[in-house]
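As C-alpha cells, the structure follows; a few thoughts come after it.
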Amino acid sequence: MLGFTRRVHAKSPVFIVGLQRSGTTMLMDIFHLHPETQVFDEARDSKVFLDFRIRGTDTLRRVIDDSHYEFPCFKIIADSHILPSIIDGLEDATVLWMYREPGPNASSRLVKFPAGTRAIRAVCESRQGGGWFAEGVSEAVARKLRSLERSRFTDFDYACLVWWARNQLFFELNLVNDPRVRLLRYETLVSQPEATMRALYDWIGMQWSSPSMRFVHARSMRKPDLPRLDPEVESMCASLLQRLDAVHARQWPKTASYSPAPGAGHGAVAAAGPAASATPVR
C-alpha cells in the first residue's frame, strides 16, 4: 500500500550484554533477520554509540521512542557493568546475558584481541589503563585479583580471569533477581538452536521466525587443545560457571542443559558437581 507507515505504540527493547566472543554477534544476527526488530549494533560512531559505548540513557530512550518496531535491540557489551542504570524505568525491557565456557571464550578473545589482557593486567597491578573493563571491577573483585600469585600467569590465565571478572557482574549487580534479565549460554544456543530460540522468543513476546535462524552454526564448538590453567584460576572459573549454569537451568527449564563432551581439552573448565558448592566473592 502506497504511503504505508509501520505504527507501533508499545516498545519492548531488548539488550544483549555479557563478554565478547560469547555468541553475542550470532544472537544479534538472529535478531537482524526477525521482522519485528530494529537492531543497533555497538559501533565506533553511530546515533546510539560512540567508541562502542552508548552515548547516554537519554539518547537511548529517544532512539527507542523513535523506532517503528516493537522490539528495538541493542548490543551493549562495553556498558554491561552499568546495565541497571540503562534499564532503569524500562519496565518492558528484556535482557539476555550471554556467556560461554571460559576456556574456549578466552582462547577466542586472544585470537581476536591479541592485546586483550592489558586491561586486567593494569587492574591487577593497580595501574591506570584498564578502560571500561576497570570501570566494571568492584573493590571486592579487585582485591581478589590482586591477591592471586600471578608470577607464572600466561595470557590464557589472564584471559580466563577477564571471563571470571566480567561474568561475576551478573551476581554483583543482582541481575539474578531481576525478572527482566536472563542468562543465555552460547553452547546451548548452537547445540539446540530451534528449541532455545522458541523459548527465548516466547519469553520476550516475539513471534517465531524460521528465517531468523539462517546463520546459527556450531562451528566454533570444535575446541582446540586449550592450554592448562593455573589451578586457582581454574577453580574460580569452574565455581562461577556452576553458578551461572544453575541459574540458566532454572530460567529455561524446558531447554536441556548443555553437557560438554569428555576430553574436550585442557582449560575447558566444564562445570561439574552441585552448584551449591560455588561461593561468591567477598
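Here, A, B, ... name the chains of the C-alpha cells in the order displayed, residue numbers run from 1 inside each chain, and ligands are numbered from 1 in the same displayed order.
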
Could you produce a table of the residues of stretch 173-209 of chain A lying within 10 Å of stretch 232-251 of chain A, with the nearest pair of atoms per residue and their separation in Å rounded to one decimal, using only C-alpha atoms, ordered by chain and increasing residue number, as JSON lines?
{"residue": "A:Val176", "atom": "CA", "partner": "A:Val247", "partner_atom": "CA", "distance": 7.6}
{"residue": "A:Pro179", "atom": "CA", "partner": "A:Gln251", "partner_atom": "CA", "distance": 9.7}
{"residue": "A:Val181", "atom": "CA", "partner": "A:Gln251", "partner_atom": "CA", "distance": 9.7}
{"residue": "A:Arg182", "atom": "CA", "partner": "A:Gln251", "partner_atom": "CA", "distance": 6.8}
{"residue": "A:Leu183", "atom": "CA", "partner": "A:His248", "partner_atom": "CA", "distance": 5.7}
{"residue": "A:Leu184", "atom": "CA", "partner": "A:His248", "partner_atom": "CA", "distance": 6.8}
{"residue": "A:Arg185", "atom": "CA", "partner": "A:His248", "partner_atom": "CA", "distance": 7.5}

Expected file: the selected residues, C-alpha atoms, as a compact mmCIF listing (two decimals), in the first residue's frame:
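Just written: result04.txt:
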# COMPACT_ATOMS: atom_id res chain seq x y z
CA VAL A 176 19.87 -12.75 39.08
CA PRO A 179 12.81 -10.75 36.13
CA VAL A 181 17.16 -10.41 32.82
CA ARG A 182 18.02 -13.96 31.78
CA LEU A 183 21.21 -15.82 31.03
CA LEU A 184 21.75 -17.49 27.67
CA ARG A 185 24.54 -19.99 27.27

TODO: Could you jot down the atom CA of A:Phe153 to atom CA of A:Phe52 separation for me, Å, one decimal place?
DONE: 29.2 Å

Task: Distance criterion (only C-alpha atoms): nearest to A:Phe71 out of A:Val14, A:Val141, A:Val216, A:Ile87 - done: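 Using only C-alpha atoms, the shortest distance to A:Phe71 belongs to A:Val14.
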
Every residue of stretch 116-264 of chain A that DSSP places in helix (DSSP H, G or I), as a compact mmCIF listing (two decimals) with C-alpha atoms, in the first residue's frame:
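Output contents, as saved in selection-v3.txt:
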# COMPACT_ATOMS: atom_id res chain seq x y z
CA ARG A 118 46.25 -5.34 29.02
CA ALA A 119 43.24 -4.03 30.95
CA ILE A 120 43.14 -6.83 33.52
CA ARG A 121 46.91 -6.67 33.98
CA ALA A 122 46.52 -2.96 34.76
CA VAL A 123 43.83 -3.74 37.33
CA CYS A 124 45.91 -6.50 38.92
CA GLY A 131 39.39 1.39 30.47
CA TRP A 132 35.79 0.24 30.56
CA PHE A 133 36.86 -3.14 31.92
CA ALA A 134 38.32 -1.49 35.02
CA GLU A 135 35.13 0.54 35.47
CA GLU A 139 36.66 -3.37 45.06
CA ALA A 140 35.97 -6.96 46.14
CA VAL A 141 36.87 -8.35 42.73
CA ALA A 142 39.95 -6.09 42.50
CA ARG A 143 41.18 -7.35 45.89
CA LYS A 144 40.70 -10.95 44.78
CA LEU A 145 42.60 -10.38 41.54
CA ARG A 146 45.48 -8.65 43.32
CA SER A 147 45.71 -11.41 45.92
CA ASP A 155 47.94 -14.65 28.68
CA PHE A 156 45.45 -17.52 28.79
CA ASP A 157 45.25 -17.31 32.60
CA TYR A 158 44.61 -13.57 32.42
CA ALA A 159 42.05 -14.01 29.63
CA CYS A 160 40.15 -16.52 31.76
CA LEU A 161 40.25 -14.07 34.67
CA VAL A 162 38.63 -11.49 32.39
CA TRP A 163 35.83 -14.04 31.83
CA TRP A 164 35.53 -14.52 35.60
CA ALA A 165 35.52 -10.82 36.47
CA ARG A 166 33.06 -9.82 33.76
CA ASN A 167 30.55 -12.63 34.31
CA GLN A 168 30.76 -12.13 38.07
CA LEU A 169 28.81 -8.92 37.41
CA PHE A 170 25.65 -10.92 36.79
CA PHE A 171 25.56 -11.64 40.52
CA GLU A 172 27.24 -8.49 41.80
CA LEU A 175 20.66 -9.23 37.92
CA VAL A 176 19.87 -12.75 39.08
CA ASN A 177 16.83 -11.30 40.89
CA TYR A 186 26.20 -19.98 23.85
CA GLU A 187 26.71 -23.73 23.76
CA THR A 188 23.01 -24.33 24.40
CA LEU A 189 22.03 -21.92 21.63
CA VAL A 190 24.18 -23.56 18.95
CA SER A 191 23.54 -27.16 20.00
CA PRO A 193 19.03 -23.64 18.20
CA GLU A 194 15.32 -24.07 17.47
CA ALA A 195 14.28 -25.16 20.96
CA THR A 196 16.37 -22.40 22.53
CA MET A 197 15.10 -19.62 20.27
CA ARG A 198 11.47 -20.76 20.52
CA ALA A 199 11.73 -20.48 24.31
CA LEU A 200 13.53 -17.14 24.03
CA TYR A 201 11.02 -15.64 21.58
CA ASP A 202 8.16 -16.81 23.77
CA TRP A 203 9.71 -15.13 26.84
CA ILE A 204 10.33 -11.86 25.00
CA SER A 210 12.29 -19.64 10.87
CA PRO A 211 14.28 -17.30 8.57
CA SER A 212 15.92 -15.70 11.61
CA MET A 213 17.81 -18.95 12.26
CA ARG A 219 31.50 -24.46 14.05
CA SER A 220 33.23 -22.80 16.99
CA MET A 221 32.14 -25.65 19.27
CA PRO A 231 44.79 -24.22 39.37
CA GLU A 232 43.36 -21.27 41.31
CA VAL A 233 42.11 -19.56 38.15
CA GLU A 234 40.57 -22.83 37.02
CA SER A 235 38.81 -23.25 40.36
CA MET A 236 37.45 -19.69 40.26
CA CYS A 237 36.12 -20.11 36.73
CA ALA A 238 34.62 -23.54 37.39
CA SER A 239 32.85 -22.25 40.50
CA LEU A 240 31.34 -19.30 38.66
CA LEU A 241 30.36 -21.46 35.69
CA GLN A 242 28.45 -23.73 38.08
CA ARG A 243 26.54 -20.77 39.48
CA LEU A 244 25.69 -19.45 36.01
CA ASP A 245 24.59 -22.87 34.78
CA ALA A 246 22.38 -23.39 37.83
CA VAL A 247 20.55 -20.11 37.16
CA HIS A 248 20.34 -20.88 33.43
CA ALA A 249 18.70 -24.24 34.19
CA ARG A 250 16.09 -22.55 36.41
CA GLN A 251 15.34 -19.84 33.86

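Computed from the coordinates, the atom CA of A:Phe15 to atom CA of A:Phe113 distance equals 23.4 Å.
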
Task: Counting only C-alpha atoms, the residue of A:Ala10, A:Leu27, A:Ile86, A:Ala115 that sits nearest A:Asp58 - done: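 Answer, going by the shortest atom-to-atom distance: A:Ile86.
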
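With only C-alpha atoms as the atoms that count, the residue of A:Gly103, A:Arg214, A:Val137, A:Gln207 with the shortest distance to A:Asp230 is A:Gly103.
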